[in-house]
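*Asks:* Mind looking over this structure? Questions follow.
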Amino acid sequence: MGKLLEKIKGPQDLKSLTEPELEALAKEIRELLLQTVSQTGGHLAPNLGVVELTLALHAVFDSPRDQIVWDVGHQAYVHKMVTGRWNRFETLRQYNGLSGFPKPEESIHDVFGTGHSSTSISAAVGLAKARDLKGEKHKVIAVIGDGSMTGGMAFEALNHLGQLQTDLIVVLNDNEMSISKNVGALSRYLTRLKLSPRLRRIKAEVEDMLHRIPRVGKVTVQYLRKLEDALNYLVIPGMLFEDLGITYVGPIDGHNITDLKESFTHVKDLNKPVLVHVLTVKGKGYPLAEINPQRFHGTGPFHVSTGRKADTSKTVTYTEVVGKTLVNLGKQDQRIIAVTAAMADGTGLLEFAKQIPERFIDVGIAEEHAVTMAAGLAKKGFRPVVCIYSTFLQRAYDQILHDVCLQKLPVLFLLDRAGLVGPDGPTHHGVFDLSYLRHIPNLTIMAPKDEAELKDMIYTALHHDGPVAIRYPKRDGMGTRFDTPYQQLTIGRGETVRIGEKVALIAIGSMVRTALEAARCLETQGISCTVVNARFVKPLDEALLYQLAATHDHLITIEENAAAGGFGSAVLEYLNGRDLPKLSVKILGIPDQFIPHGSNDQLLRRCGLDAEGIVEAVLGLDLPLTCMSARI
C-alpha cells in the first residue's frame with residue numbers, strides 16, 4: 001500500500017497535501033485500482049480517468065457537508081478510497097463487501113445512490129432546492145460523463161437548473177471530445193479571465209458606469225456583451241449551456257491537479273449554476289486501457305501484464321449467441337434492424353455493426369427514444385430488434401406500452417442480463433422484467449432454457465406478427481451450433497422435459513437447468529418430480545398447466561424474477577377458479593427486497609433459487625415417497 005494513501009482517513013486529509021504529493025497519491029491510487037479490479041473485476045477505465053478530478057474535487061470542497069452526486073456511479077471508486085474506504089477496497093463487488101456504485105448505506109459521503117445513467121443533475125437539483133428551502137449554505141456538485149449527456153433526462157435537468165438559477169455545479173467529465181491545441185489554449189485563457197474575481201469585479205463596475213451615461217450607455221453595454229458572446233461562440237464549446245442560463249467554464253485538463261483546483265476554487269464562489277467542462281483520458285495510466293477503453297470499461301478479472309481475462313472459459317455466452325444469430329438472420333432478411341442504447345458491445349451487436357452497418361443503430365443512452373424509434377421503423381415494415389439490458393429497459397416502460405404494444409407493432413425486445421447479475425448488484429439486477437411486462441396486452445414473452453432455444457425463439461419472434469420480449473441471463477451457456485436449421489416454435493407451447501409424480505417443477509428460462517438438477521437430487525431420495533420448461537410467460541400453455549394440475553398434488557413455479565407479479569403469479573391467476581381443491585401451488589422467485597451484490601451462486605442460494613433451495617422447498621411439502629421417475 002502506498003505511504004500517502006495510508007494517511008488518508010477522509011477527504012479533509014487531502015487539503016494539507018501539496019500538489020506534488022497529490023500527484024504522487026494519484027499514482028498510488030492507480031496502482032491500487034489495477035491491483036484490485038484485476039482480481040475482482042469492475043469498471044476500470046472510467047476510474048483511471050477520474051483520479052485527478054476526484055482528488056481535486058475533494059481537496060477543494062468539503063464532503064460530506066458539500067454534496068457530490070456521481071452519475072451512474074461506476075467512476076466513484078477513487079471517491080470511495082479517499083472517503084475512508086481504501087482499506088476495504090479489496091472487497092469491491094464481493095458479497096458483503098464494497099459496492100461498485102455509490103451506496104448511502106455504505107458511507108455518509110455517498111450522498112445519493114446511483115447506478116443508471118443521466119440522473120445526477122436531476123438529483124443534484126433536488127438536493128440544491130432542498131438546501132435553499134432549508135436556508136442552508138453548502139455546495140452541491142453533480143459529476144456526469146459525456147456519455148450520460150446523451151440521455152434526455154440530463155437535458156431536462158439542465159433546462160430546469162437554468163430556470164431555477166440556484167447554486168449548483170455540474171462537472172462534465174469529457175473523455176471523448178478532442179480540441180485543437182490553439183483553440184484549447186485560448187479557451188483556457190478566456191476561462192481564467194471569466195473566473196478571475198478581480199476581472200469580474202472590474203467588469204461589473206465598468207457596466208455600472210456605462211449604464212449611467214445617458215442614451216448611449218445601455219446600448220454600449222449590450223454591444224459589448226454581444227461581442228463577448230460572439231468570441232465565446234468561436235472558441236468555447238459550451239455556449240449551449242450559456243444559452244440555458246448556466247455559466248460555462250472550460251475545457252480544463254482533467255489530469256492537471258493545479259488547473260483543476262484553481263478552477264474549482266473560483267467556481268466555488270460563483271453562487272449560481274455553473275458547468276465545468278473537464279477533459280480526461282479514459283483508462284489514464286494503464287496503456288492497455290488507454291488504447292482500448294471500451295474493453296476495460298466494465299471488465300471481469302484479468303492479468304495486468306497482458307490485459308487478458310483471467311477466466312479462460314471458452315463457453316459461448318447467451319449474449320454471443322444473440323449477436324451471431326442476428327448477423328445470420330440479418331443477412332437473410334433485409335427488414336431486420338438492430339437497435340441498442342450505447343451498449344453495442346454489452347449486447348453482442350459489434351459484429352452486426354461491422355457486417356451490416358447500414359441496419360445497425362446506436363441511439364446513445366436513450367432507451368425511451370430507442371423503443372419509440374423502433375416503433376416507427378416497425379410501422380414502415382421493418383423488423384427492429386431492440387437489444388437492451390433488462391434493468392435499463394425499465395426506463396422505457398411507457399414507450400413499450402403506448403408506442404409499441406398498443407399498436408401491436410412487431411418490435412422484438414431482447415432483454416440481456418435478465419435475472420441476477422452478480423457483482424453489479426441491485427441497480428443492475430434484471431429481476432423485474434417479467435412483472436413489468438406481463439400485464440401489457442398484445443405482448444408475447446419468452447425465456448429460453450438454453451442457447452439453442454434462444455436461437456429458435458429469436459427466429460420465432462421475427463416471424464410473429466406482434467411485439468415480443470425474450471429475456472435471457474448473464475451466464476455462460478451449455479454450448480450450441482450455428483449451422484443447424486432454425487426451428488419455429490409454437491407460440492404459447494411449453495415442453496415437459498422430465499416425467500414424475502405428485503410434484504411438478506414448472507420452471508422458466510434460466511431455472512430449467514436448475515430444476516432438472518434438483519429433480520435428480522430428489523430422485524435419490526425417492527421423490528419423483530415432473531420438470532416442465534414453460535418457455536412462455538405470455539401466453540401461458542394453459543392446456544399443459546391444467547394437465548399438470550389435474551395429475552399432480554403440488555405445483556412449484558420457479559423463476560429468476562421477482563415473485564410478485566411474475567411467472568408464478570400468472571400461473572396462479574390461471575388456476576384461480578378452476579375446480580382443483582387438492583392442489584397446492586408454491587412460487588419460488590426473488591423475494592420482495594433489493595438483492596445485494598455478490599457472486600451469482602451466492603445470490604441464488606440466498607434467494608432459494610439454487611438446486612439445494614428447490615430441494616428444500618419440495619422436502620417442505622406434505623407428500624409421501626413415490627416411485628423413481630421416468631425420463632423422456
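Letters A, B, ... mark the chains of the C-alpha cells in the order given; residue numbers begin at 1 per chain; ligand numbers begin at 1, in order shown.
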Quick one: residues within 7 Å of Val82 of chain A, only C-alpha atoms counted, chain neighbours fewer than 5 positions away excluded, as a PDB file with N, CA and C atoms, in the first residue's frame?

*Replies:*
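Result written to part30.pdb:
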ATOM      1  N   ILE A   8      -4.654   8.761   4.389  1.00  0.00           N
ATOM      2  CA  ILE A   8      -5.929   9.388   4.044  1.00  0.00           C
ATOM      3  C   ILE A   8      -7.061   8.683   4.798  1.00  0.00           C
ATOM      4  N   GLY A  10      -9.889  10.443   5.458  1.00  0.00           N
ATOM      5  CA  GLY A  10     -11.080  11.076   4.906  1.00  0.00           C
ATOM      6  C   GLY A  10     -10.642  12.193   3.981  1.00  0.00           C
ATOM      7  N   PRO A  11     -11.594  12.800   3.262  1.00  0.00           N
ATOM      8  CA  PRO A  11     -11.229  13.810   2.268  1.00  0.00           C
ATOM      9  C   PRO A  11     -10.547  15.042   2.856  1.00  0.00           C
TER      10      PRO A  11
END

*Asks:* Which residue gives the smallest distance to Gln399 of chain A among A:Ile595, A:Val385, A:Val371, A:Leu377, with only C-alpha atoms counted?

*Replies:*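 Between A:Ile595, A:Val385, A:Val371, A:Leu377, the residue approaching Gln399 of chain A most closely is A:Val371.
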
*Asks:* Distance atom CA of Gly620 of chain A-atom CA of Gly419 of chain A, one decimal place?

*Replies:*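 Computed distance, atom CA of Gly620 of chain A to atom CA of Gly419 of chain A, equals 25.1 Å.
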
*Asks:* Skip Glu573 of chain A itself and residues of its chain fewer than 4 positions away, then list as a PyMOL selection string all residues within 12 Å of it, counting only C-alpha atoms.

*Replies:* chain A and resi 439+540+542+545+565-569+577-578+585

*Asks:* Near Asn175 of chain A, counting only C-alpha atoms, which residues have an atom at most 6 Å away, once you skip same-chain residues fewer than 2 positions from it, shown as a PyMOL selection string?

*Replies:* chain A and resi 279-282

*Asks:* Using all heavy atoms, can you export the residues from the last selection as a PDB file, in the first residue's frame?

*Replies:*
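Written out: selection11.pdb:
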ATOM      1  N   LEU A 279     -11.636  17.754 -19.476  1.00  0.00           N
ATOM      2  CA  LEU A 279     -11.190  16.781 -20.472  1.00  0.00           C
ATOM      3  C   LEU A 279     -10.310  15.730 -19.806  1.00  0.00           C
ATOM      4  O   LEU A 279      -9.286  16.066 -19.195  1.00  0.00           O
ATOM      5  CB  LEU A 279     -10.413  17.469 -21.593  1.00  0.00           C
ATOM      6  CG  LEU A 279     -11.154  18.544 -22.391  1.00  0.00           C
ATOM      7  CD1 LEU A 279     -10.228  19.154 -23.432  1.00  0.00           C
ATOM      8  CD2 LEU A 279     -12.393  17.972 -23.057  1.00  0.00           C
ATOM      9  N   THR A 280     -10.695  14.459 -19.916  1.00  0.00           N
ATOM     10  CA  THR A 280      -9.907  13.380 -19.329  1.00  0.00           C
ATOM     11  C   THR A 280      -9.662  12.287 -20.356  1.00  0.00           C
ATOM     12  O   THR A 280     -10.293  12.245 -21.413  1.00  0.00           O
ATOM     13  CB  THR A 280     -10.630  12.761 -18.111  1.00  0.00           C
ATOM     14  OG1 THR A 280     -11.875  12.192 -18.551  1.00  0.00           O
ATOM     15  CG2 THR A 280     -10.893  13.792 -17.037  1.00  0.00           C
ATOM     16  N   VAL A 281      -8.748  11.407 -20.020  1.00  0.00           N
ATOM     17  CA  VAL A 281      -8.436  10.254 -20.863  1.00  0.00           C
ATOM     18  C   VAL A 281      -8.927   9.008 -20.150  1.00  0.00           C
ATOM     19  O   VAL A 281      -8.467   8.681 -19.047  1.00  0.00           O
ATOM     20  CB  VAL A 281      -6.921  10.141 -21.128  1.00  0.00           C
ATOM     21  CG1 VAL A 281      -6.604   8.873 -21.911  1.00  0.00           C
ATOM     22  CG2 VAL A 281      -6.424  11.370 -21.875  1.00  0.00           C
ATOM     23  N   LYS A 282      -9.857   8.331 -20.744  1.00  0.00           N
ATOM     24  CA  LYS A 282     -10.389   7.107 -20.152  1.00  0.00           C
ATOM     25  C   LYS A 282      -9.289   6.045 -20.127  1.00  0.00           C
ATOM     26  O   LYS A 282      -8.636   5.795 -21.138  1.00  0.00           O
ATOM     27  CB  LYS A 282     -11.583   6.618 -20.983  1.00  0.00           C
ATOM     28  CG  LYS A 282     -12.532   5.701 -20.241  1.00  0.00           C
ATOM     29  CD  LYS A 282     -13.793   5.475 -21.057  1.00  0.00           C
ATOM     30  CE  LYS A 282     -14.799   4.627 -20.296  1.00  0.00           C
ATOM     31  NZ  LYS A 282     -16.032   4.400 -21.068  1.00  0.00           N
TER      32      LYS A 282
END

*Asks:* What lies within 9 Å of Lys268 of chain A using only C-alpha atoms, ignoring chain neighbours under 4 positions off, as number ranges by chain?

*Replies:* A: 60-61, 139, 169, 263-264

*Asks:* Can I get the selected residues back with all heavy atoms, as an mmCIF file, in the first residue's frame?

*Replies:*
data_model
loop_
_atom_site.group_PDB
_atom_site.id
_atom_site.type_symbol
_atom_site.label_atom_id
_atom_site.label_comp_id
_atom_site.auth_asym_id
_atom_site.auth_seq_id
_atom_site.Cartn_x
_atom_site.Cartn_y
_atom_site.Cartn_z
ATOM 1 N N VAL A 60 -10.837 20.635 -2.700
ATOM 2 C CA VAL A 60 -11.430 21.977 -2.707
ATOM 3 C C VAL A 60 -12.742 22.027 -1.919
ATOM 4 O O VAL A 60 -12.984 22.953 -1.136
ATOM 5 C CB VAL A 60 -11.655 22.469 -4.148
ATOM 6 C CG1 VAL A 60 -12.460 23.767 -4.169
ATOM 7 C CG2 VAL A 60 -10.324 22.647 -4.865
ATOM 8 N N PHE A 61 -13.606 21.033 -2.126
ATOM 9 C CA PHE A 61 -14.907 21.032 -1.463
ATOM 10 C C PHE A 61 -14.832 20.249 -0.149
ATOM 11 O O PHE A 61 -13.810 19.632 0.160
ATOM 12 C CB PHE A 61 -15.970 20.457 -2.401
ATOM 13 C CG PHE A 61 -16.172 21.301 -3.631
ATOM 14 C CD1 PHE A 61 -15.591 20.945 -4.844
ATOM 15 C CD2 PHE A 61 -16.911 22.471 -3.571
ATOM 16 C CE1 PHE A 61 -15.752 21.731 -5.971
ATOM 17 C CE2 PHE A 61 -17.087 23.266 -4.692
ATOM 18 C CZ PHE A 61 -16.500 22.898 -5.896
ATOM 19 N N LYS A 139 -22.450 23.527 -0.812
ATOM 20 C CA LYS A 139 -22.408 23.383 -2.257
ATOM 21 C C LYS A 139 -22.960 22.018 -2.665
ATOM 22 O O LYS A 139 -22.872 21.033 -1.914
ATOM 23 C CB LYS A 139 -20.979 23.518 -2.791
ATOM 24 C CG LYS A 139 -20.234 24.749 -2.283
ATOM 25 C CD LYS A 139 -20.897 26.032 -2.686
ATOM 26 C CE LYS A 139 -20.760 26.340 -4.162
ATOM 27 N NZ LYS A 139 -21.209 27.712 -4.497
ATOM 28 N N ILE A 169 -23.140 23.180 -9.161
ATOM 29 C CA ILE A 169 -22.004 22.986 -10.055
ATOM 30 C C ILE A 169 -22.153 21.639 -10.757
ATOM 31 O O ILE A 169 -22.306 20.599 -10.093
ATOM 32 C CB ILE A 169 -20.679 23.015 -9.279
ATOM 33 C CG1 ILE A 169 -20.506 24.365 -8.591
ATOM 34 C CG2 ILE A 169 -19.496 22.732 -10.217
ATOM 35 C CD1 ILE A 169 -19.396 24.380 -7.555
ATOM 36 N N SER A 263 -9.572 26.083 -10.776
ATOM 37 C CA SER A 263 -10.902 26.293 -11.361
ATOM 38 C C SER A 263 -11.996 26.039 -10.340
ATOM 39 O O SER A 263 -12.957 26.826 -10.212
ATOM 40 C CB SER A 263 -11.085 25.395 -12.577
ATOM 41 O OG SER A 263 -10.143 25.698 -13.581
ATOM 42 N N PHE A 264 -11.900 24.935 -9.595
ATOM 43 C CA PHE A 264 -12.931 24.620 -8.605
ATOM 44 C C PHE A 264 -12.960 25.662 -7.488
ATOM 45 O O PHE A 264 -14.032 25.988 -6.967
ATOM 46 C CB PHE A 264 -12.712 23.226 -8.023
ATOM 47 C CG PHE A 264 -13.020 22.107 -8.975
ATOM 48 C CD1 PHE A 264 -12.248 20.957 -8.996
ATOM 49 C CD2 PHE A 264 -14.082 22.195 -9.858
ATOM 50 C CE1 PHE A 264 -12.530 19.918 -9.874
ATOM 51 C CE2 PHE A 264 -14.375 21.167 -10.741
ATOM 52 C CZ PHE A 264 -13.589 20.026 -10.748
#

*Asks:* Would you mind telling me which residue in A:Glu368, A:Glu358, A:Asp71, A:Asp424 lies nearest to Ile400 of chain A when using only C-alpha atoms?

*Replies:* A:Glu368

*Asks:* Find the distance between atom CA of Ala518 of chain A and atom CA of Val532 of chain A and write it in Å to one decimal.

*Replies:*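 We find that atom CA of Ala518 of chain A and atom CA of Val532 of chain A lie 12.7 Å from each other.
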
*Asks:* Do a neighbour search on segment 458-465 of chain A at 6 Å with only C-alpha atoms, toss out local chain neighbours closer than 2 positions, and write the hits as a ChimeraX atom specification.

*Replies:* /A:410,455-456,488-489

*Asks:* Dump N, CA and C atoms for the selected residues as a PDB file, in the first residue's frame?

*Replies:*
ATOM      1  N   PRO A 410     -44.611  -5.054 -34.612  1.00  0.00           N
ATOM      2  CA  PRO A 410     -43.673  -6.183 -34.483  1.00  0.00           C
ATOM      3  C   PRO A 410     -42.262  -5.752 -34.115  1.00  0.00           C
ATOM      4  N   LYS A 455     -31.858 -19.215 -29.883  1.00  0.00           N
ATOM      5  CA  LYS A 455     -31.810 -19.035 -31.340  1.00  0.00           C
ATOM      6  C   LYS A 455     -33.192 -19.229 -31.957  1.00  0.00           C
ATOM      7  N   ASP A 456     -33.845 -20.310 -31.547  1.00  0.00           N
ATOM      8  CA  ASP A 456     -35.166 -20.608 -32.118  1.00  0.00           C
ATOM      9  C   ASP A 456     -36.207 -19.574 -31.702  1.00  0.00           C
ATOM     10  N   GLN A 488     -39.116 -22.987 -35.798  1.00  0.00           N
ATOM     11  CA  GLN A 488     -40.145 -22.037 -35.375  1.00  0.00           C
ATOM     12  C   GLN A 488     -41.006 -22.694 -34.314  1.00  0.00           C
ATOM     13  N   LEU A 489     -41.014 -22.111 -33.133  1.00  0.00           N
ATOM     14  CA  LEU A 489     -41.757 -22.666 -32.011  1.00  0.00           C
ATOM     15  C   LEU A 489     -43.225 -22.271 -32.103  1.00  0.00           C
TER      16      LEU A 489
END

*Asks:* Considering only C-alpha atoms, can you say which of A:Ile491, A:Leu161, A:Ile365, A:Val615 comes closest to Asp146 of chain A?

*Replies:* A:Ile365

*Asks:* For Ser117 of chain A, which residue out of A:Leu575, A:Met149, A:Leu98, A:Val431 is the nearest one, using only C-alpha atoms?

*Replies:*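 Closest to Ser117 of chain A of all the choices is A:Met149.
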
*Asks:* Go through A:Asn271, A:Ser528, A:Gln12, A:Thr150 and flag the residue nearest Glu367 of chain A, using only C-alpha atoms for the distances.

*Replies:* A:Thr150

*Asks:* Would you kindly return, as a ChimeraX atom specification, each protein, DNA or RNA residue with an atom no farther than 8 Å from any atom of Ile356 of chain A, considering only C-alpha atoms and excluding same-chain residues fewer than 5 positions away?

*Replies:* /A:327,330-331
